[in-house]
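What follows is the content of coords.cif, which has mmCIF, C-alpha atoms and all ligand atoms:
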```cif
data_model
loop_
_atom_site.label_atom_id
_atom_site.label_comp_id
_atom_site.auth_asym_id
_atom_site.auth_seq_id
_atom_site.Cartn_x
_atom_site.Cartn_y
_atom_site.Cartn_z
CA MET E 1 7.65 -48.42 103.50
CA ASN E 2 8.35 -51.92 104.61
CA ILE E 3 5.72 -52.80 107.18
CA GLN E 4 7.20 -56.15 108.03
CA ALA E 5 9.25 -56.70 111.12
CA VAL E 6 12.03 -54.20 111.48
CA GLU E 7 15.42 -55.61 112.15
CA ILE E 8 17.59 -54.42 114.96
CA VAL E 9 20.78 -52.79 113.85
CA ARG E 10 23.74 -54.38 115.52
CA ASP E 11 25.79 -51.97 117.56
CA HIS E 12 27.59 -49.49 115.33
CA ASN E 13 30.93 -49.37 117.08
CA THR E 14 29.17 -48.10 120.13
CA ALA E 15 29.06 -49.41 123.65
CA GLY E 16 25.88 -48.77 125.60
CA ARG E 17 24.93 -45.09 125.64
CA ASP E 18 28.46 -43.86 125.07
CA VAL E 19 27.81 -42.98 121.46
CA GLY E 20 30.06 -41.06 119.07
CA CYS E 21 28.84 -38.28 116.76
CA ARG E 22 27.88 -39.53 113.30
CA LEU E 23 29.76 -36.65 111.67
CA CYS E 24 32.80 -35.74 113.78
CA GLY E 25 33.13 -38.69 116.19
CA SER E 26 33.00 -36.60 119.38
CA ARG E 27 31.30 -38.16 122.37
CA LEU E 28 27.62 -37.14 122.58
CA ARG E 29 26.78 -35.63 125.96
CA HIS E 30 23.73 -33.43 125.35
CA THR E 31 20.12 -34.41 124.84
CA LEU E 32 17.92 -32.31 122.56
CA VAL E 33 14.73 -34.11 123.48
CA ASP E 34 13.82 -37.53 124.83
CA LEU E 35 10.52 -38.62 123.32
CA GLY E 36 10.58 -41.96 125.12
CA MET E 37 10.13 -45.35 123.46
CA SER E 38 8.29 -45.54 120.19
CA PRO E 39 7.76 -48.05 117.35
CA PRO E 40 9.17 -47.03 113.94
CA CYS E 41 6.63 -44.50 112.70
CA GLU E 42 5.97 -46.06 109.31
CA SER E 43 5.27 -49.57 110.57
CA ILE E 44 1.49 -49.41 110.21
CA LEU E 45 -0.15 -52.63 111.39
CA LYS E 46 -2.57 -55.00 109.73
CA ALA E 47 -5.55 -56.24 111.76
CA ASP E 48 -3.89 -59.59 112.52
CA GLN E 49 -0.77 -57.86 113.88
CA ILE E 50 -2.35 -55.80 116.65
CA ASP E 51 -2.31 -58.56 119.23
CA GLN E 52 1.33 -59.35 118.54
CA MET E 53 4.47 -57.99 120.14
CA GLU E 54 5.74 -54.74 118.63
CA LEU E 55 9.29 -53.44 118.41
CA TYR E 56 9.93 -50.20 120.29
CA TYR E 57 13.11 -48.13 120.12
CA PRO E 58 14.19 -45.04 122.05
CA LEU E 59 13.54 -41.65 120.43
CA ASN E 60 16.30 -39.97 122.35
CA VAL E 61 17.74 -37.17 120.21
CA MET E 62 21.26 -35.96 120.99
CA VAL E 63 23.20 -32.88 119.87
CA CYS E 64 26.96 -32.82 119.33
CA ASP E 65 28.69 -29.95 121.14
CA THR E 66 31.53 -29.99 118.59
CA CYS E 67 29.82 -29.97 115.16
CA LEU E 68 26.23 -29.24 116.36
CA LEU E 69 24.77 -32.18 114.45
CA VAL E 70 21.42 -33.17 115.98
CA GLN E 71 21.12 -36.91 115.71
CA LEU E 72 19.45 -40.16 116.57
CA LYS E 73 21.19 -43.50 116.75
CA GLU E 74 20.47 -45.75 113.77
CA TYR E 75 18.07 -48.14 115.47
CA VAL E 76 16.25 -48.97 112.27
CA SER E 77 18.61 -49.79 109.41
CA ALA E 78 18.56 -47.89 106.13
CA GLU E 79 18.42 -51.22 104.27
CA THR E 80 15.16 -52.04 106.03
CA ILE E 81 13.67 -48.63 105.34
CA PHE E 82 14.59 -48.42 101.68
CA SER E 83 14.62 -51.88 100.16
CA GLU E 84 10.90 -51.68 99.32
CA TYR E 85 9.87 -48.08 99.82
CA ALA E 86 6.15 -47.34 99.60
CA TYR E 87 6.46 -43.58 99.25
CA PHE E 88 6.26 -42.38 95.67
CA SER E 89 7.17 -38.69 95.51
CA SER E 90 4.95 -38.19 92.45
CA PHE E 91 1.85 -38.67 94.65
CA SER E 92 2.40 -35.13 95.94
CA THR E 93 1.49 -32.63 93.23
CA SER E 94 2.92 -29.63 95.08
CA TRP E 95 6.25 -31.45 95.51
CA VAL E 96 6.45 -32.28 91.79
CA ALA E 97 5.76 -28.61 90.94
CA HIS E 98 8.53 -27.60 93.37
CA ALA E 99 10.91 -30.02 91.56
CA LYS E 100 10.02 -28.68 88.10
CA ALA E 101 10.67 -25.06 89.11
CA TYR E 102 14.02 -26.13 90.59
CA CYS E 103 15.12 -27.96 87.39
CA GLU E 104 14.36 -24.97 85.20
CA ALA E 105 16.11 -22.51 87.51
CA ILE E 106 19.25 -24.59 88.07
CA THR E 107 19.64 -25.41 84.35
CA LYS E 108 19.68 -21.68 83.64
CA ARG E 109 21.90 -20.79 86.59
CA LEU E 110 24.59 -23.40 85.81
CA GLY E 111 24.15 -23.24 82.03
CA LEU E 112 23.51 -27.00 81.80
CA GLY E 113 23.14 -28.60 78.38
CA GLU E 114 23.50 -31.85 76.46
CA GLU E 115 27.17 -32.20 77.48
CA SER E 116 26.27 -31.97 81.17
CA LEU E 117 25.25 -34.64 83.67
CA ALA E 118 22.80 -34.21 86.55
CA VAL E 119 22.80 -36.95 89.20
CA GLU E 120 20.15 -37.17 91.89
CA LEU E 121 20.81 -39.19 95.05
CA ALA E 122 17.64 -40.92 96.32
CA SER E 123 15.92 -40.04 93.06
CA ASN E 124 12.73 -41.88 94.06
CA ASP E 125 10.34 -42.38 91.12
CA GLY E 126 11.99 -39.76 88.91
CA TYR E 127 9.62 -37.01 90.17
CA LEU E 128 12.50 -34.50 89.76
CA LEU E 129 14.90 -35.77 87.10
CA GLN E 130 12.05 -36.18 84.57
CA HIS E 131 11.95 -32.38 84.26
CA PHE E 132 15.52 -32.26 82.90
CA LEU E 133 14.61 -34.47 79.93
CA PRO E 134 12.69 -31.78 77.95
CA LEU E 135 15.55 -29.37 78.78
CA GLY E 136 18.01 -31.73 77.04
CA VAL E 137 20.12 -32.38 80.17
CA PRO E 138 21.31 -36.03 80.60
CA VAL E 139 20.45 -37.51 84.01
CA ILE E 140 21.20 -40.48 86.23
CA GLY E 141 19.20 -41.30 89.32
CA VAL E 142 20.53 -43.33 92.27
CA GLU E 143 17.74 -45.03 94.20
CA PRO E 144 18.02 -48.01 96.56
CA ALA E 145 14.34 -49.04 96.45
CA ALA E 146 13.90 -51.22 93.36
CA ASN E 147 10.13 -50.73 93.14
CA VAL E 148 10.30 -46.93 92.97
CA ALA E 149 13.35 -47.07 90.66
CA ARG E 150 11.25 -49.07 88.19
CA ALA E 151 8.66 -46.28 88.15
CA ALA E 152 11.48 -43.82 87.30
CA GLU E 153 12.72 -45.98 84.41
CA GLU E 154 9.17 -45.94 83.02
CA LYS E 155 9.41 -42.15 82.88
CA GLY E 156 12.65 -42.44 80.88
CA VAL E 157 14.88 -41.60 83.88
CA LEU E 158 18.01 -43.78 83.86
CA THR E 159 18.29 -45.14 87.42
CA ARG E 160 20.87 -47.20 89.33
CA VAL E 161 19.40 -49.30 92.13
CA ASP E 162 22.03 -48.78 94.80
CA PHE E 163 23.04 -46.90 97.94
CA PHE E 164 25.27 -43.88 97.31
CA GLY E 165 28.71 -43.47 98.87
CA VAL E 166 32.44 -43.65 98.05
CA ARG E 167 32.13 -47.14 96.53
CA LEU E 168 29.46 -46.18 93.98
CA ALA E 169 31.08 -42.78 93.24
CA ASN E 170 34.39 -44.51 92.40
CA GLN E 171 32.59 -47.01 90.23
CA MET E 172 30.82 -44.23 88.32
CA VAL E 173 34.09 -42.34 87.81
CA THR E 174 35.70 -45.46 86.28
CA GLU E 175 32.74 -45.47 83.86
CA GLU E 176 33.72 -41.86 83.00
CA LEU E 177 30.64 -40.48 84.69
CA LYS E 178 31.24 -37.21 86.53
CA ALA E 179 28.52 -34.79 87.52
CA ASP E 180 28.01 -31.10 86.78
CA LEU E 181 25.17 -31.15 89.25
CA ILE E 182 24.49 -33.49 92.19
CA ILE E 183 21.09 -33.19 93.83
CA GLY E 184 20.14 -34.49 97.28
CA ASN E 185 16.62 -33.58 98.35
CA ASN E 186 15.51 -34.78 101.78
CA VAL E 187 18.05 -37.60 101.73
CA LEU E 188 20.70 -36.28 104.14
CA ALA E 189 18.55 -37.03 107.20
CA GLN E 190 18.35 -40.68 106.20
CA VAL E 191 22.03 -41.33 105.49
CA PRO E 192 23.58 -43.53 108.22
CA ASP E 193 27.20 -42.81 107.19
CA LEU E 194 27.30 -39.08 106.44
CA ASN E 195 31.05 -38.94 105.86
CA ASP E 196 30.96 -41.71 103.27
CA PHE E 197 28.04 -40.00 101.52
CA VAL E 198 29.69 -36.57 101.34
CA ALA E 199 33.06 -38.06 100.36
CA GLY E 200 31.21 -39.81 97.51
CA MET E 201 29.80 -36.48 96.31
CA LYS E 202 33.29 -34.95 96.35
CA ILE E 203 34.56 -37.81 94.12
CA LEU E 204 31.66 -37.66 91.65
CA LEU E 205 31.61 -33.85 91.25
CA LYS E 206 33.40 -32.20 88.28
CA PRO E 207 35.94 -29.47 89.22
CA GLU E 208 33.43 -26.68 88.59
CA GLY E 209 30.34 -28.71 89.46
CA VAL E 210 27.71 -27.84 92.06
CA VAL E 211 25.88 -29.89 94.69
CA THR E 212 22.48 -28.81 95.97
CA LEU E 213 21.02 -30.29 99.15
CA GLU E 214 17.59 -29.68 100.63
CA PHE E 215 16.73 -30.61 104.20
CA PRO E 216 14.46 -29.42 107.03
CA HIS E 217 16.19 -26.63 108.95
CA ILE E 218 16.78 -27.46 112.63
CA GLU E 219 16.38 -23.74 113.44
CA ARG E 220 12.75 -23.85 112.17
CA LEU E 221 12.12 -27.24 113.79
CA MET E 222 13.10 -25.82 117.18
CA ALA E 223 11.49 -22.38 116.75
CA GLU E 224 8.16 -23.92 115.73
CA ASN E 225 8.22 -26.79 118.20
CA GLN E 226 8.04 -29.44 115.45
CA PHE E 227 9.20 -32.25 117.75
CA ASP E 228 6.82 -34.63 115.98
CA THR E 229 8.95 -34.47 112.81
CA ILE E 230 11.57 -36.48 114.71
CA TYR E 231 11.36 -40.19 113.99
CA HIS E 232 13.56 -43.25 113.76
CA GLU E 233 13.89 -43.06 109.99
CA HIS E 234 15.47 -39.58 110.29
CA TYR E 235 18.95 -40.01 111.76
CA SER E 236 20.24 -36.41 111.43
CA TYR E 237 18.93 -32.82 111.65
CA PHE E 238 21.02 -29.93 110.33
CA SER E 239 21.80 -26.27 110.81
CA LEU E 240 23.85 -24.41 108.21
CA LEU E 241 26.62 -24.28 110.82
CA THR E 242 26.80 -28.08 110.73
CA VAL E 243 26.61 -28.31 106.93
CA ASP E 244 29.40 -25.73 106.68
CA LEU E 245 31.64 -27.90 108.91
CA MET E 246 30.60 -31.07 107.08
CA ALA E 247 31.49 -29.54 103.70
CA ALA E 248 34.86 -28.31 104.97
CA ARG E 249 35.74 -31.80 106.30
CA HIS E 250 35.46 -33.07 102.73
CA GLY E 251 37.11 -30.26 100.74
CA LEU E 252 33.81 -28.67 99.76
CA ARG E 253 32.54 -25.12 100.31
CA VAL E 254 29.03 -23.74 100.88
CA ILE E 255 28.59 -21.13 98.12
CA ASP E 256 24.92 -20.19 98.53
CA VAL E 257 21.86 -20.95 100.66
CA GLU E 258 18.13 -20.33 100.25
CA GLU E 259 15.28 -20.73 102.72
CA LEU E 260 12.28 -22.72 101.49
CA PRO E 261 8.81 -23.18 103.02
CA THR E 262 8.77 -26.96 102.36
CA HIS E 263 8.51 -29.49 105.24
CA GLY E 264 7.86 -26.82 107.87
CA GLY E 265 10.92 -24.77 106.75
CA SER E 266 13.88 -26.14 104.77
CA LEU E 267 17.25 -24.98 103.51
CA ARG E 268 18.61 -25.43 100.00
CA VAL E 269 22.39 -25.36 100.25
CA TYR E 270 24.74 -25.05 97.25
CA LEU E 271 28.21 -26.64 97.54
CA ALA E 272 31.25 -26.51 95.27
CA HIS E 273 34.82 -27.78 95.51
CA GLU E 274 36.89 -25.73 97.94
CA GLY E 275 39.10 -24.49 95.10
CA SER E 276 36.26 -23.85 92.66
CA SER E 277 36.19 -20.47 90.92
CA ARG E 278 32.61 -19.96 92.11
CA ALA E 279 32.19 -17.08 94.57
CA THR E 280 30.59 -17.51 97.99
CA GLU E 281 27.38 -15.46 98.18
CA ASP E 282 26.60 -13.13 101.10
CA SER E 283 23.58 -15.31 101.96
CA VAL E 284 25.95 -17.85 103.52
CA THR E 285 27.57 -15.53 106.08
CA GLU E 286 24.22 -13.90 106.78
CA LEU E 287 22.52 -17.17 107.68
CA LEU E 288 25.53 -18.44 109.67
CA ASP E 289 25.43 -15.18 111.66
CA ARG E 290 21.70 -15.49 112.24
CA GLU E 291 22.04 -19.07 113.51
CA LYS E 292 24.71 -17.88 115.93
CA ARG E 293 22.48 -15.00 117.08
CA HIS E 294 19.64 -17.51 117.65
CA GLY E 295 21.88 -19.48 119.98
CA LEU E 296 22.55 -22.52 117.81
CA MET E 297 26.12 -22.72 119.13
CA ASP E 298 24.85 -22.74 122.69
CA MET E 299 23.82 -26.09 124.25
CA SER E 300 21.20 -24.38 126.47
CA THR E 301 19.18 -23.46 123.35
CA TYR E 302 18.89 -27.15 122.51
CA ALA E 303 18.02 -28.10 126.08
CA SER E 304 15.13 -25.59 126.14
CA PHE E 305 13.55 -27.34 123.15
CA GLY E 306 12.97 -30.47 125.23
CA LEU E 307 11.02 -28.40 127.77
CA LYS E 308 8.84 -26.99 124.97
CA ALA E 309 7.98 -30.49 123.72
CA LYS E 310 6.93 -31.55 127.24
CA ARG E 311 4.77 -28.44 127.55
CA ALA E 312 3.07 -29.18 124.21
CA LYS E 313 2.32 -32.73 125.41
CA ARG E 314 0.72 -31.50 128.63
CA ASP E 315 -1.35 -28.87 126.80
CA LEU E 316 -2.63 -31.31 124.19
CA LEU E 317 -3.53 -33.92 126.83
CA ALA E 318 -5.25 -31.28 128.99
CA PHE E 319 -7.37 -30.28 126.00
CA LEU E 320 -8.28 -33.87 125.10
CA ILE E 321 -9.06 -34.84 128.71
CA ALA E 322 -11.35 -31.81 129.15
CA ALA E 323 -13.14 -32.56 125.86
CA LYS E 324 -13.68 -36.23 126.78
CA ASN E 325 -14.94 -35.25 130.26
CA GLU E 326 -17.55 -33.11 128.49
CA GLY E 327 -18.61 -36.17 126.50
CA LYS E 328 -17.17 -34.96 123.18
CA LYS E 329 -16.44 -37.29 120.30
CA ILE E 330 -12.95 -36.88 118.80
CA CYS E 331 -11.25 -38.38 115.75
CA GLY E 332 -7.99 -37.79 113.91
CA TYR E 333 -7.25 -36.61 110.38
CA GLY E 334 -4.26 -38.23 108.66
CA ALA E 335 -1.86 -41.03 109.60
CA PRO E 336 1.52 -39.51 108.67
CA GLY E 337 4.84 -40.47 110.23
CA LYS E 338 4.83 -37.32 112.33
CA GLY E 339 1.38 -38.22 113.64
CA ASN E 340 2.77 -41.43 115.07
CA THR E 341 5.56 -39.67 116.95
CA LEU E 342 2.99 -37.31 118.45
CA LEU E 343 0.47 -40.04 119.35
CA ASN E 344 3.08 -42.30 120.93
CA TYR E 345 4.89 -39.54 122.81
CA CYS E 346 1.61 -38.23 124.24
CA ALA E 347 0.11 -41.75 124.63
CA ILE E 348 -3.03 -40.81 122.72
CA GLY E 349 -4.90 -44.01 121.89
CA THR E 350 -8.52 -44.94 121.22
CA ASP E 351 -9.35 -43.66 124.69
CA PHE E 352 -9.15 -40.21 123.05
CA LEU E 353 -9.42 -40.72 119.27
CA ASP E 354 -12.12 -43.11 118.05
CA PHE E 355 -10.28 -43.46 114.72
CA THR E 356 -8.25 -41.48 112.22
CA VAL E 357 -8.73 -41.12 108.46
CA ASP E 358 -6.30 -40.99 105.56
CA ARG E 359 -6.57 -40.35 101.82
CA ASN E 360 -4.11 -43.16 101.03
CA PRO E 361 -6.17 -46.37 100.45
CA TYR E 362 -3.09 -48.47 101.36
CA LYS E 363 -3.60 -47.46 105.00
CA HIS E 364 -7.34 -48.23 105.25
CA GLY E 365 -8.27 -51.08 107.56
CA ARG E 366 -4.85 -50.84 109.22
CA TYR E 367 -3.78 -49.44 112.59
CA THR E 368 -1.30 -46.79 113.71
CA PRO E 369 1.88 -48.28 115.24
CA GLY E 370 1.96 -48.38 119.02
CA MET E 371 -1.34 -46.65 119.73
CA HIS E 372 -3.40 -48.92 117.43
CA ILE E 373 -5.84 -46.28 116.25
CA PRO E 374 -7.93 -47.63 113.33
CA ILE E 375 -7.29 -45.85 110.00
CA LYS E 376 -10.41 -45.35 107.87
CA PRO E 377 -11.32 -43.61 104.62
CA VAL E 378 -12.06 -39.87 104.90
CA GLN E 379 -15.84 -40.44 104.56
CA ALA E 380 -15.85 -42.08 108.02
CA ILE E 381 -15.87 -38.55 109.45
CA ASP E 382 -19.24 -37.82 107.80
CA GLU E 383 -20.73 -40.96 109.30
CA ALA E 384 -19.34 -40.45 112.83
CA LYS E 385 -19.91 -36.67 112.97
CA PRO E 386 -17.24 -36.00 115.65
CA ASP E 387 -17.13 -32.80 117.69
CA TYR E 388 -13.37 -32.37 117.22
CA ILE E 389 -10.98 -33.44 114.43
CA LEU E 390 -7.31 -33.54 115.45
CA ILE E 391 -5.18 -32.68 112.39
CA LEU E 392 -1.99 -34.77 112.51
CA PRO E 393 -0.27 -33.48 109.30
CA TRP E 394 -0.42 -29.90 110.64
CA ASN E 395 1.76 -28.67 107.74
CA LEU E 396 -1.31 -29.27 105.51
CA LYS E 397 -3.86 -27.74 107.91
CA ASP E 398 -5.08 -24.98 105.57
CA GLU E 399 -5.68 -27.48 102.77
CA ILE E 400 -7.48 -29.92 105.11
CA VAL E 401 -9.70 -27.28 106.74
CA GLN E 402 -10.72 -26.09 103.28
CA GLN E 403 -11.42 -29.61 101.95
CA MET E 404 -13.37 -30.57 105.10
CA HIS E 405 -15.20 -27.25 105.53
CA HIS E 406 -18.60 -29.02 105.42
CA VAL E 407 -18.04 -30.45 108.94
CA ALA E 408 -19.19 -27.01 110.13
CA GLY E 409 -22.67 -28.35 109.21
CA TRP E 410 -22.82 -30.37 112.45
CA GLY E 411 -20.70 -27.94 114.47
CA ALA E 412 -17.37 -29.82 114.35
CA LYS E 413 -14.11 -27.98 115.04
CA PHE E 414 -10.52 -28.72 114.04
CA VAL E 415 -7.68 -29.02 116.54
CA VAL E 416 -4.09 -28.34 115.45
CA PRO E 417 -1.51 -29.69 117.96
CA ILE E 418 1.71 -27.96 116.77
CA PRO E 419 3.34 -25.51 117.65
CA PHE E 420 0.65 -25.29 120.39
CA VAL E 421 -2.97 -26.45 120.68
CA THR E 422 -5.19 -24.30 118.46
CA VAL E 423 -8.90 -24.82 117.81
CA ILE E 424 -10.23 -23.77 114.39
CA ASP E 425 -13.98 -23.29 113.99
CA PRO E 426 -14.66 -23.73 110.25
CA SER E 427 -18.00 -21.88 110.54
CA GLU E 428 -16.02 -18.73 111.36
CA LEU E 429 -13.92 -19.00 108.20
CA ARG E 430 -15.05 -17.92 104.77
CA LYS E 431 -15.55 -20.74 102.28
ZN ZN A 1 29.84 -33.95 115.94
#
```
Rewrite the structure of this file - the entire thing - as structure tokens.
Ligand SMILES: [Zn+2]
Amino acid sequence: MNIQAVEIVRDHNTAGRDVGCRLCGSRLRHTLVDLGMSPPCESILKADQIDQMELYYPLNVMVCDTCLLVQLKEYVSAETIFSEYAYFSSFSTSWVAHAKAYCEAITKRLGLGEESLAVELASNDGYLLQHFLPLGVPVIGVEPAANVARAAEEKGVLTRVDFFGVRLANQMVTEELKADLIIGNNVLAQVPDLNDFVAGMKILLKPEGVVTLEFPHIERLMAENQFDTIYHEHYSYFSLLTVDLMAARHGLRVIDVEELPTHGGSLRVYLAHEGSSRATEDSVTELLDREKRHGLMDMSTYASFGLKAKRAKRDLLAFLIAAKNEGKKICGYGAPGKGNTLLNYCAIGTDFLDFTVDRNPYKHGRYTPGMHIPIKPVQAIDEAKPDYILILPWNLKDEIVQQMHHVAGWGAKFVVPIPFVTVIDPSELRK
């Protein structure tokens, strides 16, 4: 991620707070949650930057009462986020394994072969498309960050350094490139112009082709109080109800949906052309019905989420204040994007956490945005011997507690902030 200054996006046809929905254009009138002002979560600071002015933007999340898209205004431009992206998907072994299983399953399901073409949008370093190569399926990746695209080319994954939309789709069609499969994993949230993106997919897709999209499910985000997964780089949050409407706007049809455990609970949605011969599976109506039963068409459901986030903030602060009043020493574990939303929203600085640690050496010696908590190597925990370790990437809590089990030696306990404050005593767990 680009840690240099983040440019302000000039008003996107909006005047003041009277903002139109990114998908359907309706006026946005309902707030999901207002997390206050926060710096972009990936702008980790170097030592010489912490006494300089920092850019803060509102984290005020709205929900559209027409198409139900949950959304944040594009304060931080996609060009800034993606031109030099520091996140290489291949660093995560579990994510690469997830990608491999997907490639094998979809090749079989769609009967892909050497005459086919699979295109991935935001293909990163080729972590996914590389698995089609041994299966004999030709691939093209589209990736705006040149540095990660180079890593993909080194794996033998043909990659175009560009942003995807109608313009690029038309250009590819004139080159006689049309896709049997279009893949978009965790990209939808970061697309500023959703309609241009989906219209591009419609153009690039062969008549009987299939699109698969994976994204965190707003139903899980709300049910499990994952307000910290909201940050400026994520512009949109989806239910199947919204994706169904979005597909229909562009002559596409949702033909299947699966629930995945990734990123706190995701959906994998399969789309085809409206007139495709592919049948719509029962899974689609079942999940649409469930979302309706869970109140996702009702604005009061969204409003109640904001109250839950406030409650979680009070509970976490109450815990930390009590611990500090007892003279306890506390540090953090991890410096992920979600950690920065949580720390800034709750205003947890070095008055509570002496430091945090991270396994990524790039972050060592730097400071978290806004709250300026020093980021150290993991071994710093062994030297400081804190009483409590606040786990910021809570989705990895089982892995972290297992890896750091030895802290039980000096009586340390783990604290997990989401969905509600939970203390884990590692001495009570089996090794
Ligand atoms: Zn809308």
task = Do a neighbour search on segment 293-295 of chain E at 12 Å with all atoms listed in the file, toss out local chain neighbours closer than 3 positions, and write the hits as a ChimeraX atom specification.
result = /E:68,218-220,222-223,239,241,286-290,298-305
| What is the atom CA of Asn340 of chain E to atom CA of Leu59 of chain E distance in Å? |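 Interatomic distance, atom CA of Asn340 of chain E to atom CA of Leu59 of chain E: 12.0 Å.
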List the neighbours of Ser427 of chain E out to 9 Å using all atoms listed in the file; skip same-chain residues closer than 2 positions along the sequence, and give me the result as a VMD selection string.
chain E and resid 405 to 409 411 to 413 424 to 425 429 to 431
For this session: Residues within 12 Å of ligand ZN 1 (chain A) should be enumerated using all atoms listed in the file and returned as a ChimeraX atom specification.
Result: /E:19-30,62-71,194-195,236-238,241-243,245-246,249
ask   = Separation of atom CA of Pro426 of chain E and atom CA of Met404 of chain E, in Å?
value =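 Value for the atom CA of Pro426 of chain E-atom CA of Met404 of chain E distance: 8.7 Å.
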Mind running segment 146-205 of chain E against segment 102-123 of chain E at 12 Å and telling me each contacting residue's nearest atom pair with the distance in Å (one decimal), counting all atoms listed in the file, chain and number ascending, as JSON lines?
```
{"residue": "E:Ala146", "atom": "CA", "partner": "E:Ala122", "partner_atom": "CA", "distance": 11.4}
{"residue": "E:Val148", "atom": "CA", "partner": "E:Ser123", "partner_atom": "CA", "distance": 8.9}
{"residue": "E:Ala149", "atom": "CA", "partner": "E:Ser123", "partner_atom": "CA", "distance": 7.9}
{"residue": "E:Arg150", "atom": "CA", "partner": "E:Ser123", "partner_atom": "CA", "distance": 11.3}
{"residue": "E:Ala151", "atom": "CA", "partner": "E:Ser123", "partner_atom": "CA", "distance": 10.8}
{"residue": "E:Ala152", "atom": "CA", "partner": "E:Ser123", "partner_atom": "CA", "distance": 8.2}
{"residue": "E:Glu153", "atom": "CA", "partner": "E:Ser123", "partner_atom": "CA", "distance": 11.0}
{"residue": "E:Val157", "atom": "CA", "partner": "E:Ser123", "partner_atom": "CA", "distance": 9.4}
{"residue": "E:Leu158", "atom": "CA", "partner": "E:Val119", "partner_atom": "CA", "distance": 9.9}
{"residue": "E:Thr159", "atom": "CA", "partner": "E:Ser123", "partner_atom": "CA", "distance": 8.0}
{"residue": "E:Arg160", "atom": "CA", "partner": "E:Ser123", "partner_atom": "CA", "distance": 9.5}
{"residue": "E:Val161", "atom": "CA", "partner": "E:Ala122", "partner_atom": "CA", "distance": 9.5}
{"residue": "E:Asp162", "atom": "CA", "partner": "E:Ala122", "partner_atom": "CA", "distance": 9.1}
{"residue": "E:Phe163", "atom": "CA", "partner": "E:Ala122", "partner_atom": "CA", "distance": 8.2}
{"residue": "E:Phe164", "atom": "CA", "partner": "E:Leu121", "partner_atom": "CA", "distance": 6.9}
{"residue": "E:Gly165", "atom": "CA", "partner": "E:Leu121", "partner_atom": "CA", "distance": 9.8}
{"residue": "E:Leu168", "atom": "CA", "partner": "E:Leu121", "partner_atom": "CA", "distance": 11.2}
{"residue": "E:Ala169", "atom": "CA", "partner": "E:Val119", "partner_atom": "CA", "distance": 10.9}
{"residue": "E:Met172", "atom": "CA", "partner": "E:Val119", "partner_atom": "CA", "distance": 10.9}
{"residue": "E:Glu176", "atom": "CA", "partner": "E:Leu117", "partner_atom": "CA", "distance": 11.1}
{"residue": "E:Leu177", "atom": "CA", "partner": "E:Leu117", "partner_atom": "CA", "distance": 8.0}
{"residue": "E:Lys178", "atom": "CA", "partner": "E:Leu117", "partner_atom": "CA", "distance": 7.1}
{"residue": "E:Ala179", "atom": "CA", "partner": "E:Leu117", "partner_atom": "CA", "distance": 5.1}
{"residue": "E:Asp180", "atom": "CA", "partner": "E:Leu117", "partner_atom": "CA", "distance": 5.5}
{"residue": "E:Leu181", "atom": "CA", "partner": "E:Ala118", "partner_atom": "CA", "distance": 4.7}
{"residue": "E:Ile182", "atom": "CA", "partner": "E:Val119", "partner_atom": "CA", "distance": 4.9}
{"residue": "E:Ile183", "atom": "CA", "partner": "E:Glu120", "partner_atom": "CA", "distance": 4.5}
{"residue": "E:Gly184", "atom": "CA", "partner": "E:Leu121", "partner_atom": "CA", "distance": 5.2}
{"residue": "E:Asn185", "atom": "CA", "partner": "E:Ala122", "partner_atom": "CA", "distance": 7.7}
{"residue": "E:Asn186", "atom": "CA", "partner": "E:Ala122", "partner_atom": "CA", "distance": 8.5}
{"residue": "E:Val187", "atom": "CA", "partner": "E:Ala122", "partner_atom": "CA", "distance": 6.4}
{"residue": "E:Leu188", "atom": "CA", "partner": "E:Leu121", "partner_atom": "CA", "distance": 9.5}
{"residue": "E:Ala189", "atom": "CA", "partner": "E:Ala122", "partner_atom": "CA", "distance": 11.6}
{"residue": "E:Gln190", "atom": "CA", "partner": "E:Ala122", "partner_atom": "CA", "distance": 9.9}
{"residue": "E:Val191", "atom": "CA", "partner": "E:Ala122", "partner_atom": "CA", "distance": 10.2}
{"residue": "E:Phe197", "atom": "CA", "partner": "E:Leu121", "partner_atom": "CA", "distance": 9.7}
{"residue": "E:Val198", "atom": "CA", "partner": "E:Leu121", "partner_atom": "CA", "distance": 11.2}
{"residue": "E:Gly200", "atom": "CA", "partner": "E:Leu121", "partner_atom": "CA", "distance": 10.7}
{"residue": "E:Met201", "atom": "CA", "partner": "E:Leu121", "partner_atom": "CA", "distance": 9.5}
{"residue": "E:Leu204", "atom": "CA", "partner": "E:Val119", "partner_atom": "CA", "distance": 9.2}
{"residue": "E:Leu205", "atom": "CA", "partner": "E:Val119", "partner_atom": "CA", "distance": 9.6}
```
Would you compute the distance between atom CA of Leu213 of chain E and atom CA of Asp196 of chain E? Give it in Å to one decimal.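 Pair atom CA of Leu213 of chain E / atom CA of Asp196 of chain E returns 15.7 Å.
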Counting all atoms listed in the file, which residues have an atom no more than 6 Å from (-6.5, -39.3, 119.1) in the file's coordinates? Please list them as a list in words.
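The requested residues, written out, are Cys331, Gly332, Ile348, Gly349, Phe352 and Leu353 of chain E.
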* **Selection near His364 of chain E, 8 Å with all atoms listed in the file, sequence-local residues under 2 positions removed, as a list in words** =>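 Result of the neighbour search: Val357, Asp358, Asn360, Pro361, Tyr362, Arg366, Ile375, Lys376 and Pro377 of chain E.
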Using only C-alpha atoms, the best pick from E:Tyr333, E:Thr368, E:Arg359, E:Thr174 as closest to Lys397 of chain E would be E:Tyr333
